[in-house]
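Input: a single structure, listed below in structure tokens.
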There are 4 protein chains.
Amino acid sequence: VGIDLNADLGEGFGVWTIGDDDALLDVITSANIACGFHAGDPHIMVRTCAHATQRGVAIGAQVGYRDLAGFGRRRIDIDADRLYADVLYQLGALYACAVAAGSSVRYVKPHGALYHAAADDAAQAGAIVDAVSAFDAGLPVLGLAGSKLQAAAEGAGVPFVSEAFADRRYLSTGRLVPRTAADAVIHDQAAVTERVLRMARENMVRAVDGADIHVRADSICLHGDTPDAAALARAVRAALTEAGVELRAFAR
Amino acid sequence: VGIDLNADLGEGFGVWTIGDDDALLDVITSANIACGFHAGDPHIMVRTCAHATQRGVAIGAQVGYRDLAGFGRRRIDIDADRLYADVLYQLGALYACAVAAGSSVRYVKPHGALYHAAADDAAQAGAIVDAVSAFDAGLPVLGLAGSKLQAAAEGAGVPFVSEAFADRRYLSTGRLVPRTAADAVIHDQAAVTERVLRMARENMVRAVDGADIHVRADSICLHGDTPDAAALARAVRAALTEAGVELRAFAR
Amino acid sequence: VGIDLNADLGEGFGVWTIGDDDALLDVITSANIACGFHAGDPHIMVRTCAHATQRGVAIGAQVGYRDLAGFGRRRIDIDADRLYADVLYQLGALYACAVAAGSSVRYVKPHGALYHAAADDAAQAGAIVDAVSAFDAGLPVLGLAGSKLQAAAEGAGVPFVSEAFADRRYLSTGRLVPRTAADAVIHDQAAVTERVLRMARENMVRAVDGADIHVRADSICLHGDTPDAAALARAVRAALTEAGVELRAFAR
Amino acid sequence: VGIDLNADLGEGFGVWTIGDDDALLDVITSANIACGFHAGDPHIMVRTCAHATQRGVAIGAQVGYRDLAGFGRRRIDIDADRLYADVLYQLGALYACAVAAGSSVRYVKPHGALYHAAADDAAQAGAIVDAVSAFDAGLPVLGLAGSKLQAAAEGAGVPFVSEAFADRRYLSTGRLVPRTAADAVIHDQAAVTERVLRMARENMVRAVDGADIHVRADSICLHGDTPDAAALARAVRAALTEAGVELRAFAR
């Protein structure tokens, strides 16, 4: 059994920083690196690609809406052809930074409000997949199982990789409890590691209504911007390793 | 004898347009496509790459300062490592758009105030060349003969291509008469075509003080944002063709 | 009988221009000046405020989403407290430009997708009104009759001014035929002037289904970005003047 | 004897924060609030104006270059008329936020590279003063004694307020030791408080070459972005209070 651990990295801008990228790079196997539209700037991208490459962490393009002021968390009713171009642009920009680091971009993952739009809006999901496909049809897309993004990827012959969330509660439909709900996020470290183990070994998780549901997890998403994010990430990694689950990037 | 004709393209942003790209694409052999920092946006880049590719025009990355409000015409005292990252980012972004169009980026040319900084500032010139080299050391840089950019390119083993300006007056030092001077730009079509013919065939041009000076011209730069730009460009092309000068991109 | 004519002005950015502001300033009585978030920049705002003041045209703050790339035409799911701050910021920025021109901001009008959001989304409409009220509770808001914006303004005691559209077709509900429909815009000059006369004198207009509907028109909105916009605007003004309808800004 | 303490506040952007504004607001008498061009966004400006007003701290417009990516620390060769408009815009934007908080803007201070440009470039200094003067000729400008900014303000009849730096070393010319020098900043708390006391009471400071020089200090600038900034600020305030120096804003 093997699993991938992914987290968002390089989400600062200019003088501003967020998250503990160095600590996360010691834990994860795939880094979703922000591409400058919702976070990240060229200098941060160059540095983050270099650090990821030095530690053997796979580089993914974390593409988002053009909205630095909103950190890409606000849904934008953007036309598919413009979203296509925005994704292509970000993907290429990160590609150059990865090439300069002696690596390449291994996958694409939408961020924030675009992640949610990609889950339920076929037009926006299709635009993302079309952009990936136009650049490199073999490049996997990372997202939510059962999403429009998965459907679009499969329809276009683009590899799709499903992720599960280490510290988020699930509805029995397989969707996440919205962030606005009080109990959306699990903070207890033992509970999180136990859930991750079950996701990785059984592809199962307990939903908020008590039902055991199937959750396909090719990768586990760890959050980098919560307090104790690094400690939680290390605990998850240790638990998986101890249980004999191999940690490896899904894309190389 | 053969020569390349280059011009700036894709310099709109959002709903805003500038220049007559379609007319110029029928004339030039190399398109310096803006990469979103001083002008251009992803949607325009995608479209301009597609149009250039359809007409067999080579795609170049027209990189600039991050300054949409100033159109990249204001010098910025940016650190070399940040400029390096900014150039790399723009280069990759355009690369993805070119790849989606079935082509690639064939060269890099700095724009506006960055063009001038690259001529006289070794640190900024070096940052540009380092970025090009980190992405693809075989990618030519297009710029002013005798500039710091040329020196940096040659020092790094990056191909350098010299351009001359069809409608700009020269000092006897080989530098351009500054744009701020009243007689900086030549508007007379016959005078421009005659100068271009001499540049292409003899690598010579008459300076403002009457001296004949050597001007190495691997490519002739045409302006796209002056009135009658398209007509002037067509006249230049017609004169070169009639004189038996082959029009071909320097990079393929 | 008197009526106000309003149009969007100052919608360029940096080197880019759009519309024929000078021609429109000779026709309109109220200028909706873009405030830098969806269009406009400080230099353009300063100049447009000066020109409007010189011709006795009232200055209004045309506030929009922070989206230069989309010209404010893409709906953004922004929180009310952030939209409140964005509107307040734009309003103050234009106020300073107007003060420097010897004038002031006389009203506020939302632009593009924010105009539409203000029509049907109570939260966004409320945020706009709250911002206006926090700056100057006597400042009128210009918008669509029957909109959430009108309700919010009236609820907050902020003056509301209704506008009708010279060249847009109406549904019998009083709403506009969406721009995406083929017949959304009327291009025939005689038809437009006849409609405007009826709006100004009878507050009536013929809807697409043939019904005569009431349309409260304290101001008539002219478009500046369509071909022949200036000619159409002049024709509307001439027809109104000839019919004895006084042209005057609703706010001074 | 009385003195003002000023510090930069509201220098985050979107989700990103920097400095401990709440701690500084308990110490300072004047808050230089970033206006969105180099840092700050409308939401942060609204909140910071409210907090400053609640604590009786005077609000100043900390205006900067339009350069979020560079935090306004990179000099830009901007034309005077465009800088004028940029300053006017920022000033008005903050004014609206201050008005909404029940206060107003009491002074203007340039930030970062614009601060330095205002010290040695008469054109940029003049543009800043002209913008302030166009908005409110009675509004003081805060800056470096002996700077071009002071000359421009005095020439235009705009009040000028001189500041000294608590933790920066001085050359015997009265200029600051450049930040790039190893000993530019004094980190020892006792040394800083002793210098501030002498500045406040004697308008004197010891330069790096050992000479005692005159330094006019209507206000003392405290840094908010260094480690232990809040502790240092509290120590300075305590030392001044204990020495009987009254702490009061220079502008009300």
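Quick note on naming: the chains in the structure tokens go A, B, ... in the order shown, residues restart at 1 in each chain, and ligands are numbered from 1 in order of appearance.
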
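Look at Ala181 (chain B): the protein and nucleic acid residues within 12 Å of it, using only C-alpha atoms and passing over chain neighbours fewer than 3 places away, are B:Arg168, B:Arg169, B:Tyr170, B:Leu171, B:Leu176, B:Val177, B:Pro178, B:Ala184, B:Val185, B:Ile186, B:Val208.
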
>> Residues of chain C within 9 Å of chain B, counting only C-alpha atoms - could you list those as a ChimeraX atom specification?
In response: /C:12-18,41,68-71

Write the residues of the selection above to a file with all heavy atoms, as an mmCIF file, in the first residue's frame.
data_model
loop_
_atom_site.group_PDB
_atom_site.id
_atom_site.type_symbol
_atom_site.label_atom_id
_atom_site.label_comp_id
_atom_site.auth_asym_id
_atom_site.auth_seq_id
_atom_site.Cartn_x
_atom_site.Cartn_y
_atom_site.Cartn_z
ATOM 1 N N GLY C 12 -10.524 54.052 -19.573
ATOM 2 C CA GLY C 12 -9.238 53.532 -20.031
ATOM 3 C C GLY C 12 -8.422 53.019 -18.859
ATOM 4 O O GLY C 12 -8.884 52.956 -17.719
ATOM 5 N N PHE C 13 -7.201 52.639 -19.153
ATOM 6 C CA PHE C 13 -6.241 52.259 -18.101
ATOM 7 C C PHE C 13 -4.838 52.392 -18.682
ATOM 8 O O PHE C 13 -4.542 51.805 -19.718
ATOM 9 C CB PHE C 13 -6.487 50.836 -17.606
ATOM 10 C CG PHE C 13 -5.626 50.488 -16.417
ATOM 11 C CD1 PHE C 13 -5.969 50.929 -15.153
ATOM 12 C CD2 PHE C 13 -4.440 49.771 -16.574
ATOM 13 C CE1 PHE C 13 -5.161 50.655 -14.060
ATOM 14 C CE2 PHE C 13 -3.631 49.491 -15.485
ATOM 15 C CZ PHE C 13 -3.994 49.927 -14.222
ATOM 16 N N GLY C 14 -4.003 53.146 -18.002
ATOM 17 C CA GLY C 14 -2.634 53.342 -18.492
ATOM 18 C C GLY C 14 -2.642 53.900 -19.905
ATOM 19 O O GLY C 14 -3.267 54.927 -20.171
ATOM 20 N N VAL C 15 -1.955 53.215 -20.820
ATOM 21 C CA VAL C 15 -1.905 53.708 -22.209
ATOM 22 C C VAL C 15 -3.176 53.398 -22.981
ATOM 23 O O VAL C 15 -3.354 53.893 -24.093
ATOM 24 C CB VAL C 15 -0.728 53.069 -22.995
ATOM 25 C CG1 VAL C 15 0.599 53.466 -22.383
ATOM 26 C CG2 VAL C 15 -0.861 51.552 -23.059
ATOM 27 N N TRP C 16 -4.028 52.559 -22.401
ATOM 28 C CA TRP C 16 -5.195 52.098 -23.146
ATOM 29 C C TRP C 16 -6.383 53.046 -22.983
ATOM 30 O O TRP C 16 -6.674 53.509 -21.897
ATOM 31 C CB TRP C 16 -5.576 50.694 -22.680
ATOM 32 C CG TRP C 16 -4.521 49.669 -22.911
ATOM 33 C CD1 TRP C 16 -4.107 49.165 -24.107
ATOM 34 C CD2 TRP C 16 -3.724 49.018 -21.917
ATOM 35 N NE1 TRP C 16 -3.122 48.229 -23.911
ATOM 36 C CE2 TRP C 16 -2.865 48.116 -22.592
ATOM 37 C CE3 TRP C 16 -3.661 49.091 -20.520
ATOM 38 C CZ2 TRP C 16 -1.949 47.306 -21.918
ATOM 39 C CZ3 TRP C 16 -2.754 48.293 -19.850
ATOM 40 C CH2 TRP C 16 -1.911 47.418 -20.537
ATOM 41 N N THR C 17 -7.086 53.239 -24.082
ATOM 42 C CA THR C 17 -8.259 54.106 -24.031
ATOM 43 C C THR C 17 -9.469 53.340 -24.557
ATOM 44 O O THR C 17 -9.347 52.321 -25.238
ATOM 45 C CB THR C 17 -8.056 55.357 -24.903
ATOM 46 O OG1 THR C 17 -7.735 54.928 -26.224
ATOM 47 C CG2 THR C 17 -6.929 56.218 -24.357
ATOM 48 N N ILE C 18 -10.635 53.851 -24.223
ATOM 49 C CA ILE C 18 -11.879 53.268 -24.724
ATOM 50 C C ILE C 18 -12.913 54.379 -24.720
ATOM 51 O O ILE C 18 -12.949 55.192 -23.799
ATOM 52 C CB ILE C 18 -12.307 52.063 -23.845
ATOM 53 C CG1 ILE C 18 -13.151 51.090 -24.624
ATOM 54 C CG2 ILE C 18 -13.005 52.509 -22.599
ATOM 55 C CD1 ILE C 18 -13.366 49.773 -23.887
ATOM 56 N N ASP C 41 -7.593 54.844 -14.116
ATOM 57 C CA ASP C 41 -6.432 54.889 -13.228
ATOM 58 C C ASP C 41 -6.359 56.310 -12.682
ATOM 59 O O ASP C 41 -7.109 57.199 -13.135
ATOM 60 C CB ASP C 41 -5.145 54.461 -13.949
ATOM 61 C CG ASP C 41 -4.701 55.402 -15.041
ATOM 62 O OD1 ASP C 41 -4.919 56.623 -14.934
ATOM 63 O OD2 ASP C 41 -4.118 54.929 -16.025
ATOM 64 N N LEU C 68 -9.623 44.321 -13.197
ATOM 65 C CA LEU C 68 -9.213 45.005 -14.422
ATOM 66 C C LEU C 68 -9.224 44.046 -15.610
ATOM 67 O O LEU C 68 -9.604 44.423 -16.718
ATOM 68 C CB LEU C 68 -7.805 45.588 -14.267
ATOM 69 C CG LEU C 68 -7.679 46.861 -13.421
ATOM 70 C CD1 LEU C 68 -6.206 47.185 -13.220
ATOM 71 C CD2 LEU C 68 -8.395 48.031 -14.078
ATOM 72 N N ALA C 69 -8.789 42.811 -15.364
ATOM 73 C CA ALA C 69 -8.692 41.844 -16.461
ATOM 74 C C ALA C 69 -10.070 41.535 -17.048
ATOM 75 O O ALA C 69 -10.186 41.173 -18.213
ATOM 76 C CB ALA C 69 -8.009 40.564 -15.987
ATOM 77 N N GLY C 70 -11.101 41.652 -16.243
ATOM 78 C CA GLY C 70 -12.449 41.329 -16.696
ATOM 79 C C GLY C 70 -13.324 42.555 -16.888
ATOM 80 O O GLY C 70 -14.516 42.434 -17.158
ATOM 81 N N PHE C 71 -12.748 43.755 -16.706
ATOM 82 C CA PHE C 71 -13.478 45.023 -16.864
ATOM 83 C C PHE C 71 -14.705 45.061 -15.949
ATOM 84 O O PHE C 71 -15.695 45.710 -16.257
ATOM 85 C CB PHE C 71 -13.895 45.182 -18.332
ATOM 86 C CG PHE C 71 -14.228 46.590 -18.742
ATOM 87 C CD1 PHE C 71 -13.267 47.596 -18.694
ATOM 88 C CD2 PHE C 71 -15.498 46.928 -19.185
ATOM 89 C CE1 PHE C 71 -13.562 48.907 -19.073
ATOM 90 C CE2 PHE C 71 -15.805 48.237 -19.564
ATOM 91 C CZ PHE C 71 -14.838 49.229 -19.508
#

> DSSP on the backbone: what in region 1-243 of chain C comes out helix (DSSP H, G or I), as an MDAnalysis selection string?
Replying inline: chainID C and resid 21:25 42:54 80:100 112:120 122:135 148:156 189:202 229:242

Hey, what's within 8 Å of Ala31 (chain C) if we count only C-alpha atoms and toss same-chain stuff fewer than 5 positions away? As a compact mmCIF listing (two decimals) with N, CA, C and O atoms, in the first residue's frame, please?
# COMPACT_ATOMS: atom_id res chain seq x y z
N ASN C 6 -26.75 60.32 -18.44
CA ASN C 6 -25.50 59.84 -17.85
C ASN C 6 -24.82 58.85 -18.77
O ASN C 6 -25.45 58.17 -19.57
N ALA C 7 -23.48 58.80 -18.66
CA ALA C 7 -22.70 57.83 -19.44
C ALA C 7 -21.43 57.50 -18.67
O ALA C 7 -21.00 58.27 -17.81
N ASP C 8 -20.88 56.34 -19.00
CA ASP C 8 -19.63 55.90 -18.36
C ASP C 8 -18.45 56.60 -19.01
O ASP C 8 -18.32 56.58 -20.24
N LEU C 9 -17.59 57.16 -18.20
CA LEU C 9 -16.41 57.87 -18.71
C LEU C 9 -15.14 57.43 -17.98
O LEU C 9 -15.21 56.79 -16.94
N LEU C 25 -18.79 64.25 -23.25
CA LEU C 25 -18.87 65.34 -22.27
C LEU C 25 -19.64 66.54 -22.82
O LEU C 25 -20.14 67.36 -22.05
N ALA C 52 -14.72 67.17 -16.92
CA ALA C 52 -16.15 67.20 -16.56
C ALA C 52 -16.47 68.52 -15.86
O ALA C 52 -17.50 69.15 -16.14
N VAL C 57 -20.34 69.27 -16.08
CA VAL C 57 -20.95 67.94 -15.98
C VAL C 57 -20.73 67.40 -14.56
O VAL C 57 -19.61 67.47 -14.03
N ALA C 58 -21.79 66.86 -13.96
CA ALA C 58 -21.70 66.33 -12.60
C ALA C 58 -20.86 65.06 -12.57
O ALA C 58 -20.94 64.23 -13.49
N ILE C 59 -20.04 64.90 -11.52
CA ILE C 59 -19.14 63.74 -11.38
C ILE C 59 -19.79 62.69 -10.50
O ILE C 59 -20.19 62.97 -9.37
N GLY C 60 -19.91 61.47 -11.03
CA GLY C 60 -20.39 60.35 -10.23
C GLY C 60 -19.32 59.28 -10.13
O GLY C 60 -18.52 59.10 -11.05

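If only C-alpha atoms are the atoms counted, then among A:Ile78, A:Ile28, A:Val245, A:Val63 the closest residue to Ala113 (chain C) is A:Ile78.
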
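Our summary of the geometry notes that CA of Gly224 (chain A) is positioned 11.9 Å from CA of Ile33 (chain A).
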
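Residue-level DSSP output for region 106-160 of chain D, from the backbone, shows strand (DSSP E) at D:Arg106, D:Tyr107, D:Val108, D:Lys109, D:Pro110, D:Val141, D:Leu142, D:Gly143, D:Leu144, D:Phe160.
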
The selected residues should be written to file as a PDB file, in the first residue's frame (atoms: N, CA and C atoms).
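As written to disk, selection.pdb reads:
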ATOM      1  N   ARG D 106      -5.009  63.172   8.819  1.00  0.00           N
ATOM      2  CA  ARG D 106      -4.396  64.333   9.475  1.00  0.00           C
ATOM      3  C   ARG D 106      -3.058  64.730   8.871  1.00  0.00           C
ATOM      4  N   TYR D 107      -2.459  63.821   8.110  1.00  0.00           N
ATOM      5  CA  TYR D 107      -1.150  64.133   7.496  1.00  0.00           C
ATOM      6  C   TYR D 107      -0.839  63.089   6.436  1.00  0.00           C
ATOM      7  N   VAL D 108       0.236  63.327   5.689  1.00  0.00           N
ATOM      8  CA  VAL D 108       0.665  62.429   4.617  1.00  0.00           C
ATOM      9  C   VAL D 108       2.146  62.123   4.796  1.00  0.00           C
ATOM     10  N   LYS D 109       2.501  60.845   4.621  1.00  0.00           N
ATOM     11  CA  LYS D 109       3.919  60.462   4.698  1.00  0.00           C
ATOM     12  C   LYS D 109       4.230  59.486   3.580  1.00  0.00           C
ATOM     13  N   PRO D 110       5.220  59.772   2.748  1.00  0.00           N
ATOM     14  CA  PRO D 110       5.592  58.802   1.708  1.00  0.00           C
ATOM     15  C   PRO D 110       6.304  57.590   2.306  1.00  0.00           C
ATOM     16  N   VAL D 141       2.770  67.422   5.756  1.00  0.00           N
ATOM     17  CA  VAL D 141       3.549  66.332   5.176  1.00  0.00           C
ATOM     18  C   VAL D 141       4.634  65.964   6.180  1.00  0.00           C
ATOM     19  N   LEU D 142       4.785  64.670   6.422  1.00  0.00           N
ATOM     20  CA  LEU D 142       5.781  64.183   7.376  1.00  0.00           C
ATOM     21  C   LEU D 142       6.942  63.580   6.603  1.00  0.00           C
ATOM     22  N   GLY D 143       8.172  63.992   6.942  1.00  0.00           N
ATOM     23  CA  GLY D 143       9.322  63.459   6.213  1.00  0.00           C
ATOM     24  C   GLY D 143      10.633  63.798   6.876  1.00  0.00           C
ATOM     25  N   LEU D 144      11.683  63.662   6.078  1.00  0.00           N
ATOM     26  CA  LEU D 144      13.046  63.842   6.563  1.00  0.00           C
ATOM     27  C   LEU D 144      13.430  65.327   6.515  1.00  0.00           C
ATOM     28  N   PHE D 160       5.207  71.308   6.976  1.00  0.00           N
ATOM     29  CA  PHE D 160       6.127  70.177   6.943  1.00  0.00           C
ATOM     30  C   PHE D 160       6.510  69.804   8.367  1.00  0.00           C
TER      31      PHE D 160
END

>> Can you tell me which residues surround Arg66 (chain B) at a distance of at most 8 Å, considering only C-alpha atoms, apart from same-chain residues fewer than 6 positions away, and format the answer as a list in words?
In response: Phe37, His38, Gly72 and Asp86 of chain B

File dump, residues just selected, C-alpha atoms, as a PDB file, in the first residue's frame:
ATOM      1  CA  PHE B  37       3.459  42.039 -16.927  1.00  0.00           C
ATOM      2  CA  HIS B  38       3.486  45.336 -18.825  1.00  0.00           C
ATOM      3  CA  GLY B  72       6.500  48.892 -18.713  1.00  0.00           C
ATOM      4  CA  ASP B  86       9.892  37.775 -13.336  1.00  0.00           C
TER       5      ASP B  86
END

>> Taking 2 positions as the minimum chain separation for residues in the same chain, which residues sit within 12 Å of Leu149 (chain A) when counting only C-alpha atoms? Answer as a ChimeraX atom specification.
In response: /A:108-110,114-130,132,140-147,151-156,158-162

>> I want to know what sits within 10 Å of region 236-241 of chain B, based on only C-alpha atoms, with residues of the same chain fewer than 4 positions away left out; could you give that as JSON, numbers by chain?
In response: {"B": [2, 3, 5, 26, 27, 28, 166, 189, 190, 192, 193, 194, 195, 196, 197, 198, 200, 201, 220, 222, 230, 231, 232, 245, 246, 247]}

> Using only C-alpha atoms, which of D:Gly174, D:Gly64, D:Gly10, D:Gly36 sits nearest Ala93 (chain D)?
Replying inline: D:Gly36

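Those residues that approach Gln54 (chain B) to within 9 Å, counting only C-alpha atoms, are B:Cys49, B:Ala50, B:Ala101; same-chain residues fewer than 4 positions away are not listed.
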